[in-house]
file my_file-v5.cif (mmCIF, C-alpha atoms)
data_data
#
loop_
_atom_site.label_atom_id
_atom_site.label_comp_id
_atom_site.auth_asym_id
_atom_site.auth_seq_id
_atom_site.Cartn_x
_atom_site.Cartn_y
_atom_site.Cartn_z
CA MET A 28 92.14 25.17 50.17
CA GLU A 29 90.47 27.43 52.75
CA LEU A 30 88.52 29.19 49.97
CA LYS A 31 87.21 25.86 48.57
CA LYS A 32 86.16 24.73 52.04
CA LEU A 33 84.28 28.01 52.62
CA CYS A 34 82.40 27.67 49.30
CA TYR A 35 81.41 24.09 50.18
CA LEU A 36 80.05 25.12 53.58
CA LEU A 37 78.08 28.00 52.07
CA THR A 38 76.52 25.67 49.46
CA VAL A 39 75.49 23.11 52.08
CA GLY A 40 74.00 25.84 54.23
CA ALA A 41 71.93 27.20 51.33
CA LEU A 42 70.54 23.76 50.56
CA ILE A 43 69.51 23.27 54.19
CA LEU A 44 67.78 26.66 54.34
CA THR A 45 65.82 26.11 51.10
CA GLY A 46 65.01 22.46 51.75
CA SER A 47 66.56 21.55 48.41
CA SER A 48 68.56 18.47 47.64
CA CYS A 49 70.70 17.27 44.80
CA SER A 50 69.61 13.69 45.42
CA LYS A 51 67.30 12.22 42.74
CA ASP A 52 65.91 9.87 45.37
CA ASP A 53 64.66 12.87 47.34
CA ASP A 54 62.86 14.19 44.21
CA ASP A 55 60.94 10.91 43.94
CA ASN A 56 59.82 10.83 47.57
CA GLY A 57 56.69 12.89 46.99
CA ASP A 58 53.09 12.00 47.83
CA ASN A 59 52.51 8.72 46.02
CA THR A 60 48.73 9.00 46.48
CA SER A 61 48.68 11.07 43.27
CA THR A 62 50.14 8.25 41.17
CA VAL A 63 47.77 7.17 38.39
CA THR A 64 47.35 3.40 38.46
CA GLY A 65 43.85 2.91 37.10
CA VAL A 66 40.20 3.89 37.19
CA GLN A 67 37.43 4.13 39.74
CA LEU A 68 33.90 5.41 40.28
CA SER A 69 33.87 8.80 41.99
CA SER A 70 30.81 10.56 43.40
CA ASN A 71 30.02 13.95 41.88
CA ALA A 72 27.37 16.34 43.17
CA THR A 73 26.14 17.18 39.66
CA PHE A 74 26.64 13.98 37.68
CA GLY A 75 26.40 11.24 40.29
CA ASN A 76 28.92 8.42 39.95
CA ILE A 77 31.43 9.20 37.21
CA ILE A 78 34.46 7.33 35.92
CA THR A 79 37.73 8.94 36.97
CA ASP A 80 41.32 7.88 37.27
CA ASN A 81 42.26 6.65 40.76
CA THR A 82 43.26 10.19 41.80
CA GLY A 83 39.74 11.49 41.09
CA GLN A 84 40.45 13.24 37.76
CA ALA A 85 37.39 13.02 35.48
CA LEU A 86 37.53 11.04 32.23
CA TYR A 87 35.49 11.76 29.10
CA PHE A 88 33.95 10.24 25.96
CA PHE A 89 34.15 11.99 22.56
CA SER A 90 31.00 11.50 20.48
CA ASN A 91 32.99 11.69 17.24
CA ASP A 92 34.65 8.40 18.21
CA ALA A 93 31.54 6.52 17.08
CA THR A 94 33.54 3.77 15.36
CA GLY A 95 35.76 3.14 18.38
CA SER A 96 38.83 4.82 16.86
CA SER A 97 40.04 8.13 18.26
CA SER A 98 39.24 11.12 16.05
CA CYS A 99 40.88 13.58 18.45
CA THR A 100 44.30 14.42 17.01
CA ASP A 101 46.85 17.22 16.84
CA GLY A 102 45.60 20.36 18.64
CA CYS A 103 42.59 18.49 20.00
CA LEU A 104 44.94 16.40 22.12
CA VAL A 105 46.32 19.50 23.81
CA VAL A 106 42.86 20.25 25.21
CA TRP A 107 41.81 16.61 25.59
CA PRO A 108 44.86 14.53 26.57
CA VAL A 109 44.67 10.77 26.07
CA PHE A 110 44.15 8.52 29.09
CA TYR A 111 46.19 5.34 29.04
CA LYS A 112 47.50 3.07 31.75
CA ASP A 113 49.12 -0.31 31.28
CA ASN A 114 48.05 -3.00 33.78
CA LEU A 115 45.00 -0.95 34.63
CA SER A 116 43.64 -1.29 38.18
CA ILE A 117 39.81 -1.43 38.26
CA GLY A 118 37.87 0.16 41.11
CA ALA A 119 34.75 -1.23 42.79
CA GLY A 120 31.57 -1.09 40.71
CA LEU A 121 33.41 -1.30 37.37
CA ASN A 122 33.92 -4.41 35.22
CA ALA A 123 37.35 -5.16 33.81
CA SER A 124 35.71 -6.63 30.69
CA ASP A 125 34.38 -3.16 29.77
CA PHE A 126 37.90 -1.75 29.43
CA GLY A 127 40.20 -2.19 26.48
CA THR A 128 43.10 -0.63 24.63
CA ILE A 129 43.37 0.77 21.12
CA THR A 130 46.44 1.72 19.13
CA ARG A 131 46.09 5.24 17.83
CA ALA A 132 47.15 6.33 14.33
CA ASP A 133 50.41 7.69 15.75
CA GLY A 134 51.20 4.31 17.34
CA SER A 135 50.46 5.37 20.93
CA LYS A 136 47.99 3.53 23.17
CA GLN A 137 44.67 4.68 24.63
CA THR A 138 42.38 3.06 27.18
CA THR A 139 38.73 2.55 26.19
CA TYR A 140 35.50 1.95 28.11
CA LYS A 141 32.71 0.08 26.32
CA GLY A 142 34.60 0.92 23.14
CA TRP A 143 34.83 4.66 23.86
CA PRO A 144 38.40 6.03 23.97
CA LEU A 145 38.98 7.89 27.26
CA TYR A 146 40.36 11.41 27.66
CA TYR A 147 41.13 14.03 30.29
CA TYR A 148 40.07 17.68 29.94
CA GLN A 149 42.82 20.27 30.15
CA SER A 150 40.70 22.73 32.17
CA ASP A 151 39.99 20.19 34.93
CA THR A 152 42.86 21.25 37.15
CA LYS A 153 41.93 19.24 40.23
CA ALA A 154 40.03 16.16 41.31
CA GLY A 155 36.26 16.60 41.35
CA GLU A 156 36.10 19.11 38.50
CA VAL A 157 33.94 18.20 35.48
CA LYS A 158 34.24 21.27 33.28
CA GLY A 159 34.39 19.32 30.02
CA ASP A 160 30.92 17.79 30.00
CA GLY A 161 28.78 19.11 27.14
CA VAL A 162 31.62 21.01 25.45
CA GLY A 163 30.76 21.32 21.76
CA ASN A 164 27.75 19.06 22.40
CA ASN A 165 30.06 16.11 21.79
CA TRP A 166 32.16 15.65 24.95
CA PHE A 167 30.58 13.85 27.90
CA VAL A 168 31.86 12.80 31.27
CA ALA A 169 32.41 9.05 31.33
CA LYS A 170 29.77 7.09 33.26
CA ALA A 171 29.09 3.41 33.70
CA ASP A 172 25.29 3.66 33.60
CA TYR A 173 24.45 5.58 30.44
CA THR A 174 21.32 4.24 28.75
CA VAL A 175 22.14 5.95 25.45
CA MET A 176 25.05 7.91 24.04
CA VAL A 177 25.28 10.67 21.45
CA SER A 178 27.36 9.91 18.36
CA TYR A 179 28.49 11.82 15.29
CA THR A 180 29.58 10.23 12.03
CA GLN A 181 28.89 10.03 8.32
CA LEU A 182 25.88 7.75 7.87
CA VAL A 183 26.41 4.96 5.32
CA GLY A 184 23.49 2.80 4.25
CA ASP A 185 23.26 -0.87 3.38
CA ASP A 186 23.56 0.19 -0.27
CA GLY A 187 26.98 1.75 0.38
CA VAL A 188 25.66 5.27 -0.24
CA GLN A 189 26.31 8.15 2.17
CA TYR A 190 23.24 9.67 3.85
CA ASN A 191 22.38 12.69 5.94
CA SER A 192 20.33 12.70 9.15
CA SER A 193 17.09 13.11 7.15
CA GLY A 194 17.70 9.80 5.42
CA GLN A 195 18.49 11.39 2.08
CA ALA A 196 21.66 10.76 0.11
CA GLY A 197 24.23 13.34 1.17
CA VAL A 198 27.65 13.95 2.65
CA GLY A 199 28.03 15.30 6.17
CA ILE A 200 28.45 14.32 9.79
CA SER A 201 25.16 13.47 11.51
CA GLN A 202 24.20 13.33 15.17
CA TYR A 203 22.43 10.16 16.24
CA LEU A 204 21.72 8.11 19.35
CA THR A 205 23.36 4.80 20.17
CA ASP A 206 23.28 2.34 23.02
CA PRO A 207 26.08 2.69 25.62
CA ASN A 208 28.39 0.57 23.43
CA GLY A 209 28.00 2.77 20.36
CA ASN A 210 25.49 0.59 18.47
CA THR A 211 23.10 2.63 16.33
CA LEU A 212 19.46 3.03 17.37
CA TYR A 213 16.61 3.55 14.88
CA ALA A 214 12.94 4.52 14.87
CA PHE A 215 10.23 3.02 12.64
CA LYS A 216 8.28 5.49 10.51
CA ASN A 217 4.99 3.56 10.92
CA ASP A 218 5.12 3.52 14.73
CA ARG A 219 2.97 5.88 16.76
CA PHE A 220 3.52 7.59 20.09
CA LYS A 221 4.79 4.87 22.45
CA GLN A 222 3.34 2.19 20.16
CA ASN A 223 5.47 -0.47 18.48
CA LYS A 224 3.85 -1.31 15.14
CA TYR A 225 6.65 -3.54 13.87
CA SER A 226 7.31 -6.39 16.28
CA ASN A 227 4.98 -9.42 16.06
CA ASN A 228 6.72 -11.92 18.36
CA ASP A 229 8.06 -13.94 15.41
CA PRO A 230 11.78 -14.42 16.16
CA VAL A 231 12.75 -14.33 12.48
CA HIS A 232 10.73 -11.20 11.74
CA ASP A 233 11.69 -9.40 14.93
CA GLY A 234 15.33 -10.38 14.53
CA VAL A 235 15.69 -8.04 11.56
CA TRP A 236 14.83 -5.06 13.76
CA PRO A 237 15.30 -6.15 17.39
CA VAL A 238 13.88 -3.85 20.04
CA TYR A 239 16.34 -1.99 22.24
CA ALA A 240 15.44 -3.73 25.48
CA ILE A 241 16.59 -2.31 28.82
CA ASN A 242 15.96 -3.03 32.48
CA SER A 243 15.54 0.61 33.50
CA ILE A 244 16.51 4.09 32.36
CA GLY A 245 19.88 5.12 33.75
CA SER A 246 21.97 8.19 33.02
CA ILE A 247 21.38 10.25 29.87
CA PRO A 248 23.97 12.52 28.20
CA SER A 249 23.58 16.07 29.46
CA ILE A 250 22.53 17.62 26.13
CA LEU A 251 19.45 15.35 26.07
CA ASP A 252 16.25 15.80 28.07
CA LYS A 253 15.76 12.74 30.25
CA THR A 254 12.00 13.41 30.49
CA GLN A 255 11.76 12.59 26.77
CA PHE A 256 12.72 8.98 27.46
CA ASP A 257 10.29 6.29 28.55
CA VAL A 258 9.72 2.56 28.21
CA ILE A 259 6.96 0.35 26.84
CA THR A 260 6.40 -3.40 27.16
CA VAL A 261 6.53 -5.35 23.89
CA PHE A 262 5.97 -9.12 24.10
CA GLY A 263 7.54 -9.24 27.53
CA LYS A 264 10.48 -6.97 26.68
CA THR A 265 10.97 -3.45 28.03
CA GLN A 266 11.67 -1.28 24.98
CA LEU A 267 13.26 2.16 25.29
CA VAL A 268 11.29 5.05 23.81
CA TYR A 269 12.61 8.49 22.82
CA LYS A 270 10.19 11.35 22.08
CA GLY A 271 7.50 8.70 21.79
CA TRP A 272 9.48 6.64 19.24
CA PRO A 273 10.21 3.01 20.22
CA LEU A 274 13.89 2.33 19.53
CA TYR A 275 15.35 -0.60 17.57
CA TYR A 276 18.63 -2.07 16.40
CA PHE A 277 19.16 -3.18 12.79
CA GLY A 278 20.13 -6.86 12.74
CA PRO A 279 22.60 -6.63 9.84
CA ASP A 280 24.56 -3.94 11.74
CA ASN A 281 25.71 -6.99 13.73
CA MET A 282 26.04 -4.92 16.91
CA GLN A 283 29.10 -3.27 15.37
CA ARG A 284 29.56 0.27 16.62
CA GLY A 285 29.54 2.95 13.94
CA LYS A 286 27.46 0.85 11.53
CA THR A 287 24.37 2.66 10.18
CA LEU A 288 23.26 0.27 7.43
CA GLY A 289 19.58 0.51 8.35
CA ILE A 290 19.34 4.13 7.19
CA SER A 291 18.72 2.98 3.58
CA VAL A 292 16.42 0.02 4.31
CA PRO A 293 14.16 -1.11 2.68
CA VAL A 294 14.00 1.75 0.18
CA PRO A 295 16.91 4.19 -0.17
CA GLY A 296 15.84 7.76 0.53
CA ALA A 297 12.47 6.85 2.02
CA ALA A 298 13.71 7.23 5.63
CA ILE A 299 11.47 4.40 6.83
CA TRP A 300 14.01 3.50 9.52
CA PRO A 301 15.57 6.84 10.49
CA ILE A 302 18.18 7.50 13.14
CA VAL A 303 17.03 9.71 16.04
CA ASN A 304 18.63 12.79 17.56
CA THR A 305 17.87 16.07 19.33
CA THR A 306 16.05 17.44 16.26
CA THR A 307 13.74 14.42 15.89
CA ALA A 308 10.07 15.42 16.09
CA VAL A 309 7.84 13.86 18.72
CA ALA A 310 6.03 10.80 17.40
CA ALA A 311 2.43 11.31 16.35
CA SER A 312 -0.42 9.74 18.30
CA MET A 313 -3.10 7.57 16.71
#

call {"tool": "encode", "arguments": {"input": "my_file-v5.cif", "output": "structure tokens"}}
result
Amino acid sequence: MELKKLCYLLTVGALILTGSSCSKDDDDNGDNTSTVTGVQLSSNATFGNIITDNTGQALYFFSNDATGSSSCTDGCLVVWPVFYKDNLSIGAGLNASDFGTITRADGSKQTTYKGWPLYYYQSDTKAGEVKGDGVGNNWFVAKADYTVMVSYTQLVGDDGVQYNSSGQAGVGISQYLTDPNGNTLYAFKNDRFKQNKYSNNDPVHDGVWPVYAINSIGSIPSILDKTQFDVITVFGKTQLVYKGWPLYYFGPDNMQRGKTLGISVPVPGAAIWPIVNTTTAVAASM
């Protein structure tokens, strides 16, 4: 009995000296400020206001998720873990209506912002770090005020044929610009530098290729040069311009992200309504 009592006293003494406890309740009494409950805007010296979780960990968009489904799987998820929180709390300056949830191919859930699935970056080891922006030219820190986004997908025309970024029939992933919600933006071959040659103020005519109208130019993905963006006024609307090309939607895309039907219109292979990207040449002047 004396031996058992001595062992008990020695064990208790060791726990006191090390600060350890066998109580599960003690393990859960950590700093609850690190609990992830939702999202917020966090100020960053390089990127301005970015979207983070409520502990300040940066969240990211993946440009390959052009259709709104996650294309980051398997090993990709080790580097770019999924962000998901049920009953998401929304911080000041963000709109709850911009957030949603998708079910991934493996049955798990993922939170989205403006249709973009959200991720963490493995190398961001503490709040305030944004090491993932620009990785592979297709990962960008999540922001609420992007004017355009960069997307990558196989282009498919209105004729059902696959196209490359030059507007010719071909298989391959193309880079192209979208609005912040992932809707494809196009240029018009007959336009000139900062001159819209298509719109005529007829609602029916202009509704086929609506201008991409904005209030002002906000944030631009880091692989793009913000100085190459401008605006022009077209029948009272402020149309965004990239490299001198006025930008349009294609009506039959029906504002459905990932749709690129306009690439084959009106003549397949003629590239009259091309997508635009970092390799697009500057529009010619008159």

call {"tool": "resolve_selection", "arguments": {"input": "my_file-v5.cif", "expression": "the PyMOL selection byres ((chain A and resi 124) around 12)", "output": "number ranges by chain"}}
result
A: 115, 117, 121-123, 125-128, 139-142

call {"tool": "residues_around", "arguments": {"input": "my_file-v5.cif", "residues": "Gln181 in chain A", "least_positions_apart": "6", "cutoff": "8 Å", "atoms": "all atoms listed in the file", "output": "list in words"}}
result
Gln189, Tyr190, Asn191, Val198, Gly199, Ile200 and Ser201 of chain A

call {"tool": "closest_residue", "arguments": {"input": "my_file-v5.cif", "among": "A:Tyr146, A:Phe110, A:Phe256, A:Phe74", "to": "Ser243 in chain A", "atoms": "all atoms listed in the file"}}
result
A:Phe256

call {"tool": "atom_distance", "arguments": {"input": "my_file-v5.cif", "atom1": "CA of Tyr179 in chain A", "atom2": "CA of Asn91 in chain A"}}
result
4.9 Å

call {"tool": "closest_residue", "arguments": {"input": "my_file-v5.cif", "among": "A:Pro295, A:Gly278, A:Gly65, A:Gly83", "to": "Gly187 in chain A", "atoms": "only C-alpha atoms"}}
result
A:Pro295

call {"tool": "residues_near_point", "arguments": {"input": "my_file-v5.cif", "point": "(36.7, 8.5, 16.5)", "cutoff": "9 Å", "atoms": "all atoms listed in the file", "output": "list in words"}}
result
Phe89, Ser90, Asn91, Asp92, Ala93, Thr94, Gly95, Ser96, Ser97, Ser98, Cys99, Trp143, Pro144, Tyr179 and Thr180 of chain A
